[in-house]
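Engineer: Take a look at the following structure, please.
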Amino acid sequence: MKLIAFLLLIFNLTCTPALAVDATTSSDKQKDIINLVQQKVKEKLSLITSPSTKPKSFIGTITTIDSTKISIDYQNNSKTILIDDDTAYVDIKRNKSKFANFKVGQGIIAMGYLNENNQLNGKRIVAVDLKSLENKNEVVIGKVVDISKSSPIIVVIPIKNKNSQYQIKTDTKTEILDKSNTKIASKDIVLGQKIIAIIQPDVKIAKTFYASKIINLDFATSSPSATPTPKN
Amino acid sequence: MIKELFLAIILGAILGLGVMGSYLALNKKVNTNQNKTAEITPIISDTPISITPTVNNSNDQLTIDSPENETVVSVSKVNFTGITKPNSNLIITTSTKSFTGKSDNSGKFNLAVDLESGVNLIKVTSIDPNDNQTEILTTITYSTAKI
């Protein structure tokens, strides 16, 4: 029995500390990894949720307004601007204004900083005419199918929508370029060529667009013509 | 005495084998857990693109990296950078001006744009070599007022 006890004692003294040390090391490694993962997740979360330090602006039409917040809508997208006593107001003529002058239906630009709920802490509210800010430019890529001989008008059929056509007016202010952005003349546009036109509706002629810029994708700089061999 | 010694050796062996078996089983479990943790780590480090809002506006054909949508800037000229299909024509229009350029062989583009004072509703259009056209509308405000 003494021998058994002795053997057990020897076994305990030699094996147990080794096992304990190994288990402790594994546990420490696990803790380190967990801590590292937690730290990384925390960093990413703080990036997402922390208030922005860059100024942002919202535009839209006022739908509701009270002393603490303004709700606006732009293209069916509603946003909230938080306001306080420090918020500055500017009227449509860029003069200093006040909160009481802003009503439902007024177009505004609100500038400030986003909070964690994606609401804007409004620092400056400016009244604007949203219609005047509209970008009416359209870009169309198509083939020239007709060129008027009496007026500077070309007709273009879009490459991807052959059921429609654009009647495009040009003038001396229209910038005409080749595909390498070099200026070319309006006479360099010929039937069948592929062009990109930057257009907007002509205010004077219905169903006609005015081109501010045309890029002729098929224009090739003409090579020097061959000199005819004189006949003897 | 010999009988007792023999018995002690057998008991010692059984006990030793039992303890070693337990140790090996425990060690295997710890290693499995460590491996699982090691698998999680790269997944977390690979995901910030989808959870960090670095891209202000994009679709499947065009991404604008800078400037961010709804940004307020205090300079009248900004560089639009981003990525689209290689060798695409890029057209950027404000309400009064247009700017054109091309993406490089890797699809990257960088185009300087002059801003109007106040809000600029900017259309960024990309037309790839197969004439596929896509457009993104972004809002940039140019203001020197103190915010």
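Just so we're on the same page: first chain in the structure tokens is A, next is B, and so on; residues restart at 1 for each chain, and ligands are numbered from 1 in the order they show up.
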Quick check: residues of chain A within 6 Å of chain B, only C-alpha atoms, returned as a ChimeraX atom specification.
Structural biologist: /A:4,55-57,123,135
Engineer: For N, CA, C and O atoms, I'd like the residues from the last selection saved as a tab-separated table (two decimals), in the first residue's frame.
Structural biologist:
chain	number	residue	atom	x	y	z
A	4	ILE	N	1.96	1.97	-3.41
A	4	ILE	CA	0.92	2.60	-4.25
A	4	ILE	C	0.86	4.09	-3.95
A	4	ILE	O	0.83	4.93	-4.86
A	55	PRO	N	-18.57	68.31	-42.02
A	55	PRO	CA	-19.89	68.93	-42.19
A	55	PRO	C	-20.68	68.30	-43.32
A	55	PRO	O	-20.11	67.89	-44.33
A	56	LYS	N	-21.97	68.20	-43.12
A	56	LYS	CA	-22.86	67.60	-44.12
A	56	LYS	C	-24.00	68.56	-44.42
A	56	LYS	O	-24.29	69.47	-43.62
A	57	SER	N	-24.63	68.34	-45.55
A	57	SER	CA	-25.78	69.19	-45.89
A	57	SER	C	-26.95	68.34	-46.38
A	57	SER	O	-26.74	67.35	-47.07
A	123	LYS	N	-26.62	73.61	-38.03
A	123	LYS	CA	-25.89	74.80	-37.60
A	123	LYS	C	-26.30	76.01	-38.45
A	123	LYS	O	-26.20	77.14	-37.99
A	135	ASN	N	-30.59	70.09	-61.75
A	135	ASN	CA	-29.63	69.82	-62.81
A	135	ASN	C	-30.41	69.17	-63.96
A	135	ASN	O	-30.79	68.00	-63.89
Engineer: Find the spatial neighbours of Asn79 in chain B, counting only C-alpha atoms, within a cut-off of 7 Å - ignore same-chain residues fewer than 3 positions away - and output them as a list in words.
Structural biologist: Asn110, Leu111, Ala112 and Val113 of chain B
Engineer: Excluding Ile154 in chain A and any residue of its chain fewer than 4 positions from it, enumerate the residues within 7 Å of it, using only C-alpha atoms, and give them as a PDB file with all heavy atoms, in the first residue's frame.
Structural biologist:
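The resulting file, out-v3.pdb, is reproduced below:
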ATOM      1  N   VAL A 144     -26.231  59.547 -85.167  1.00  0.00           N
ATOM      2  CA  VAL A 144     -26.802  60.688 -85.888  1.00  0.00           C
ATOM      3  C   VAL A 144     -27.568  60.132 -87.088  1.00  0.00           C
ATOM      4  O   VAL A 144     -26.981  59.452 -87.942  1.00  0.00           O
ATOM      5  CB  VAL A 144     -25.683  61.651 -86.363  1.00  0.00           C
ATOM      6  CG1 VAL A 144     -26.283  62.822 -87.124  1.00  0.00           C
ATOM      7  CG2 VAL A 144     -24.857  62.139 -85.179  1.00  0.00           C
ATOM      8  N   ASP A 146     -30.044  62.191 -88.766  1.00  0.00           N
ATOM      9  CA  ASP A 146     -30.456  63.277 -89.674  1.00  0.00           C
ATOM     10  C   ASP A 146     -29.712  64.553 -89.293  1.00  0.00           C
ATOM     11  O   ASP A 146     -29.456  64.801 -88.106  1.00  0.00           O
ATOM     12  CB  ASP A 146     -31.977  63.493 -89.557  1.00  0.00           C
ATOM     13  CG  ASP A 146     -32.517  64.329 -90.716  1.00  0.00           C
ATOM     14  OD1 ASP A 146     -31.771  64.540 -91.706  1.00  0.00           O
ATOM     15  OD2 ASP A 146     -33.677  64.764 -90.628  1.00  0.00           O
ATOM     16  N   ILE A 147     -29.347  65.328 -90.294  1.00  0.00           N
ATOM     17  CA  ILE A 147     -28.717  66.630 -90.058  1.00  0.00           C
ATOM     18  C   ILE A 147     -29.464  67.653 -90.903  1.00  0.00           C
ATOM     19  O   ILE A 147     -29.542  67.510 -92.139  1.00  0.00           O
ATOM     20  CB  ILE A 147     -27.210  66.611 -90.433  1.00  0.00           C
ATOM     21  CG1 ILE A 147     -26.457  65.575 -89.571  1.00  0.00           C
ATOM     22  CG2 ILE A 147     -26.591  68.002 -90.260  1.00  0.00           C
ATOM     23  CD1 ILE A 147     -25.013  65.357 -89.967  1.00  0.00           C
ATOM     24  N   SER A 148     -30.026  68.664 -90.237  1.00  0.00           N
ATOM     25  CA  SER A 148     -30.783  69.687 -90.964  1.00  0.00           C
ATOM     26  C   SER A 148     -29.840  70.554 -91.803  1.00  0.00           C
ATOM     27  O   SER A 148     -28.742  70.914 -91.346  1.00  0.00           O
ATOM     28  CB  SER A 148     -31.557  70.544 -89.971  1.00  0.00           C
ATOM     29  OG  SER A 148     -32.092  71.668 -90.622  1.00  0.00           O
ATOM     30  N   GLN A 167     -34.128  65.518 -80.920  1.00  0.00           N
ATOM     31  CA  GLN A 167     -33.847  66.596 -81.875  1.00  0.00           C
ATOM     32  C   GLN A 167     -32.935  67.578 -81.129  1.00  0.00           C
ATOM     33  O   GLN A 167     -33.355  68.211 -80.156  1.00  0.00           O
ATOM     34  CB  GLN A 167     -35.160  67.260 -82.261  1.00  0.00           C
ATOM     35  CG  GLN A 167     -35.027  68.209 -83.412  1.00  0.00           C
ATOM     36  CD  GLN A 167     -36.377  68.517 -84.030  1.00  0.00           C
ATOM     37  OE1 GLN A 167     -36.938  67.707 -84.751  1.00  0.00           O
ATOM     38  NE2 GLN A 167     -36.914  69.683 -83.717  1.00  0.00           N
ATOM     39  N   ILE A 168     -31.688  67.655 -81.553  1.00  0.00           N
ATOM     40  CA  ILE A 168     -30.681  68.398 -80.780  1.00  0.00           C
ATOM     41  C   ILE A 168     -30.181  69.624 -81.549  1.00  0.00           C
ATOM     42  O   ILE A 168     -29.691  69.512 -82.678  1.00  0.00           O
ATOM     43  CB  ILE A 168     -29.497  67.471 -80.409  1.00  0.00           C
ATOM     44  CG1 ILE A 168     -30.005  66.314 -79.528  1.00  0.00           C
ATOM     45  CG2 ILE A 168     -28.403  68.236 -79.690  1.00  0.00           C
ATOM     46  CD1 ILE A 168     -28.974  65.221 -79.298  1.00  0.00           C
ATOM     47  N   LYS A 169     -30.322  70.763 -80.875  1.00  0.00           N
ATOM     48  CA  LYS A 169     -29.898  72.035 -81.474  1.00  0.00           C
ATOM     49  C   LYS A 169     -28.486  72.387 -80.991  1.00  0.00           C
ATOM     50  O   LYS A 169     -28.167  72.140 -79.818  1.00  0.00           O
ATOM     51  CB  LYS A 169     -30.885  73.119 -81.006  1.00  0.00           C
ATOM     52  CG  LYS A 169     -30.900  74.371 -81.828  1.00  0.00           C
ATOM     53  CD  LYS A 169     -31.993  75.276 -81.303  1.00  0.00           C
ATOM     54  CE  LYS A 169     -31.356  76.510 -80.695  1.00  0.00           C
ATOM     55  NZ  LYS A 169     -32.342  77.422 -80.097  1.00  0.00           N
TER      56      LYS A 169
END
Engineer: What does the distance between CA of Thr61 in chain A and CA of Arg124 in chain A come to in Å, to one decimal place?
Structural biologist: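 We find that CA of Thr61 in chain A and CA of Arg124 in chain A lie 15.5 Å from each other.
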Engineer: Using only C-alpha atoms, which residues sit within 7 Å of Asn87 in chain B once same-chain residues fewer than 4 positions away are excluded, as a PyMOL selection string?
Structural biologist: chain B and resi 102-105+107+128-129
Engineer: Measuring atom to atom with only C-alpha atoms, identify which of B:Ser74, B:Thr144, B:Thr81, B:Ser88 is nearest to Gln61 in chain B.
Structural biologist: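 Between B:Ser74, B:Thr144, B:Thr81, B:Ser88, the residue approaching Gln61 in chain B most closely is B:Ser88.
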Engineer: To one decimal place, how far is CA of Val126 in chain A from CA of Asn95 in chain A in Å?
Structural biologist: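 It comes out at 9.4 Å.
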Engineer: Pick from A:Asp91, A:Asp202, A:Glu116, A:Glu175: nearest to Asn216 in chain A, with only C-alpha atoms counted?
Structural biologist: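 Checking each candidate against Asn216 in chain A, we get A:Glu175 as the closest.
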Engineer: Please provide as a PyMOL selection string all residues within 8 Å of Ser76 in chain B, with the sequence filter that same-chain residues fewer than 4 positions apart are discarded (counting only C-alpha atoms).
Structural biologist: chain B and resi 114-117+142
